Structures are given as structure tokens and as C-alpha cells.
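J.: Just passing along the structure, written as C-alpha cells.
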Amino acid sequence: MLDIKFLRDNPDIVKQNIKNKFQDHKLPLVDEVIQLDQENRDNKKEVEALRANKNQLSKQIGGLMKDGKKEEAEKIKAEVAAGNAKIDELTAKERTLEEEIKKRMMVIPNIIDPSVPIGKDDSENVELEKFGEPVVPDFEVPYHTDIMEKFNGIDLDAARKVAGNGFYYLMGDVARLHSAVIAYARDFMIDRGFTYCVPPFMIRSNVVTGVMSFDEMDAMMYKIEGEDLYLIGTSEHSMIGKFIDTHIKEDELPYTLTSYSPCFRKEKGAHGIEERGVYRIHQFEKQEMIVICKPEESMDWYNKLWKNTVDLFRSLDIPVRTLECCSGDLADLKVKSVDVEAWSPRQKKYFEVGSCSTLGDAQARRLGIRIKGENGNYFAHTLNNTVVAPPRMLIAFLENNLNEDGSVSIPEALRPYMGGMEKIEVK
């Protein structure tokens, strides 16, 4: 959420930002907010004037009563009562106006970084850099669920009977590989100085609306019926929520946390053939990283975060690239975002396995996360990034480490988490 003072002083910048995100239907909101804000400020001034007048009249009442002028005192009391009624009326109006302002401010997009390329959707995202040499083997690479089935490693049919489409049973060595990747990612981030955390897997509505836009919430979140609780779509939600309504000392920053959680997503809409299997699912597990820092440090942390993901994938012999998200592909709270994409030898192209974002002070402003500075309090900056999210990551792992005989090699870094196993063999 933007600072209303910034919007008030820079309406043209806010409108151009909306245009850059191809959300022209939101342009009227800027003028509506300015009009409502002016009305609210005028309303507050009237309340202040009425209260000042009430204080003066109250003093007069005391003096008149002391002088025995009861009749005059009663007239002023009646005037005070009328003033109180007007104050109550204007205070109620103030609450209504502030609610209307907030409702509009919550859907006006955050100001994107000047370096973000302008584009309508993800088709106009920009490749930044490749890491590792993408290889297409001489033999045919099967679809990822076919690879898993040769190890007796997945059962989608049983999952459909139990929970429906978008769920899975991972079995045997594939299930062990899944857990090994998560454990390896956890230790990888701990070794880089991040504090490990297992957060709540459900959050209240005030945290949901603090960490994401309404459109994202509707498309992603599962609500617990009859309770003010939602299943998290990523541990970033509860990890950022951990700091709701806090004042953090400057010398305590930055907070760098890495968290494990299951994730639950509606994943609305139809998906292509390459999104069958375990590519796009309703339930998965994830190792995440978040940073709470001072504004001047956020861009440095942004570059550190996506590099962590690249380094982890390269340590497992998986080629990756980074892709700068264009303006139209950025969620409303994001200032800048880069996707990390892994190489798929079967598809002969890259696909998304993680996303790194800086959100400026948008989440902190919504959640009330402030820094106690020498010259006063100010809002923190928040960042998040995927370390690894199996089972989607397993697609890249299996394809890039597949051998012609159908076995899958285990990179040296992962072997301690697989009991020393060097290969997963076909059953």
C-alpha cells in the first residue's frame, strides 16, 4: 500500500505507474482517493474546531455556575450537548471516509523500480543471465511422472480417489529424494547465515490482506470454514506476518530467515499439457527465505537472495537462468521481481522453479512493521525468495540427472541426505 501523502503529492507519478502496469481501469481511483482524503481532512478540522469550542464553553459553564448564573449555564450546556452530537456524527463520518480511502489504496499498485522493463504480461519478461550449460542428451527424456513411475515413486490415481486432481502420493526413493532436497536446502541456507524457522501453516485474514493483494488472495488461498483462518500459499505469508505491529530497533536489522512449510493453493484455471503431473498442484512443500531490512539495504539483499537460489541449483548440476519480470507481470505489491528458471532437457526450454521479489515498504505499511530509528520511526522493507519448492523442482532434478539406462544420478552434495546413495535405480 502506498503512502497516502506520496499519492497526494504525486498523483501523476501514481497514474503513470498504473498505466505502466496496464491497469488503466484503476486510474479513477487516484482522483477518488484525493477527493476522499481532502474531505476527510476537512472533516477532521471541523471536529478539532468543535472540540476546541467545547473546551472553551465548558470553562464558561464552571464560571457561570460559580456566579450563580444557572440559566445561562444551562443554555451553554445545551450548546455543548449539540456540539457533542455533531462531533459523534463527524467521527462516524471520519471512520467511513477512512474505510473508503483504505479500500481504494489497497488496490492501487506499488510503485515499480525504474529498472523494471515495461511489458504487458509474462511473454515480455526479459532474460538476464544463464548459469550452467543446458544439455539435451542423445536418448529420449520421458515425462517426469513416467520417470517417477519406473521407480515406483508416484501414485496419482490413488491421490485422485483420496483428494482429487492436483494431489499426489510420492513413494520410496522419490519420496526420500523429495525430503532430501528440502533438508539440503535448509542446511544450505543455514550455512549462509539465515535463521531456520518452521512457521504456522494457517494465518488470520488481517495477515492475508497484509501480505498480498485481494486478487492474489482470491486466486490462491483456501479458507477454513467457520473460522478466521486461511491455509498459507507459501511460508512467506506467516513469516512476514510474524512481525505484524512491531517496532524493530535499527541495530537488530537485517532479519534473515529461512523457513520450511507445506503450501496450499487453489491454482484456478486450466493448464497446458506440460503442467500435468506435479508441475502445478494444490499442495507442495517449500523452503523459503525472507528478509526484513532498512530501505537503503533492500536492493543489495534482493541481489543476494536470487543468487542463493541459483547457487543451490548449480550445486545439484541443474542449469538455470534468471528472468526479469516486466511491469505487467508484477503483482501489485511488488517493486521488482526476478524468476529463476531451471533447464528442462525434455522440453528443451527453461521453466520457473522460484521467484525473488522486493516489495519496498508495501507489506510493512499494511502490517505495521516499523523500524525505530534515531530520527523517528519508519517502515521496514520486506523481501522474499524461493530456495526450493519440490516436487516441481524434482522435474528439473530428474531430467537433468537422468541416465540412458533410466537411473538417476545423485549429485555429491545431496548424497549425505540420501544415505550415501549415488543412483536411484529402476525398480
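Each chain of the C-alpha cells is named A, B, ... in the order shown, its residues numbered from 1; ligands are numbered from 1 in display order.
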For segment 245-250 of chain A, please output as a PyMOL selection string all residues within 6 Å (counting only C-alpha atoms; exclusion window: fewer than 5 positions along the same chain).
T.: chain A and resi 368-373
J.: Which residues, written as a list in words, have at least one atom at most 6 Å from Lys336 of chain A, with only C-alpha atoms counted and residues fewer than 5 positions away on the same chain left out?
T.: Asp113, Ser357 and Thr358 of chain A
J.: Pick from A:Gly132, A:Asp300, A:Glu100, A:Pro345: nearest to Glu39 of chain A, with only C-alpha atoms counted?
T.: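 Looking only at the distances to Glu39 of chain A, the closest residue turns out to be A:Glu100.
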J.: Counting only C-alpha atoms, give me one row per residue of segment 333-416 of chain A with an atom at most 10 Å from an atom of segment 157-175 of chain A, showing the shortest contact pair and its distance in Å to one decimal, sorted by chain then residue number, as a tab-separated table.
T.:
residue	atom	partner	partner_atom	distance
A:Pro391	CA	A:Leu170	CA	9.0
A:Leu394	CA	A:Val174	CA	8.7
A:Leu398	CA	A:Val174	CA	9.6
J.: Can I get the selected residues back with all heavy atoms, as a PDB file, in the first residue's frame?
T.:
ATOM      1  N   PRO A 391       7.469 -30.706  -5.065  1.00  0.00           N
ATOM      2  CA  PRO A 391       8.026 -31.600  -6.077  1.00  0.00           C
ATOM      3  C   PRO A 391       8.276 -30.983  -7.452  1.00  0.00           C
ATOM      4  O   PRO A 391       8.829 -31.660  -8.308  1.00  0.00           O
ATOM      5  CB  PRO A 391       6.974 -32.698  -6.177  1.00  0.00           C
ATOM      6  CG  PRO A 391       5.704 -32.039  -5.800  1.00  0.00           C
ATOM      7  CD  PRO A 391       6.061 -31.020  -4.768  1.00  0.00           C
ATOM      8  N   LEU A 394      11.715 -31.329  -8.521  1.00  0.00           N
ATOM      9  CA  LEU A 394      12.126 -32.684  -8.867  1.00  0.00           C
ATOM     10  C   LEU A 394      12.061 -32.930 -10.368  1.00  0.00           C
ATOM     11  O   LEU A 394      12.789 -33.781 -10.897  1.00  0.00           O
ATOM     12  CB  LEU A 394      11.256 -33.708  -8.136  1.00  0.00           C
ATOM     13  CG  LEU A 394      11.324 -33.721  -6.611  1.00  0.00           C
ATOM     14  CD1 LEU A 394      10.501 -34.886  -6.062  1.00  0.00           C
ATOM     15  CD2 LEU A 394      12.767 -33.824  -6.120  1.00  0.00           C
ATOM     16  N   LEU A 398      15.248 -34.655 -11.908  1.00  0.00           N
ATOM     17  CA  LEU A 398      15.197 -35.962 -12.558  1.00  0.00           C
ATOM     18  C   LEU A 398      15.633 -35.882 -14.011  1.00  0.00           C
ATOM     19  O   LEU A 398      16.388 -36.737 -14.498  1.00  0.00           O
ATOM     20  CB  LEU A 398      13.786 -36.536 -12.462  1.00  0.00           C
ATOM     21  CG  LEU A 398      13.303 -36.894 -11.044  1.00  0.00           C
ATOM     22  CD1 LEU A 398      11.813 -37.197 -11.055  1.00  0.00           C
ATOM     23  CD2 LEU A 398      14.092 -38.065 -10.484  1.00  0.00           C
TER      24      LEU A 398
END
J.: Pick out the closest residue to Ser344 of chain A from this set: A:Gly83, A:Pro134, A:Gly210, A:Gly277. Count only C-alpha atoms.
T.: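 So, comparing all the options, the nearest one is A:Pro134.
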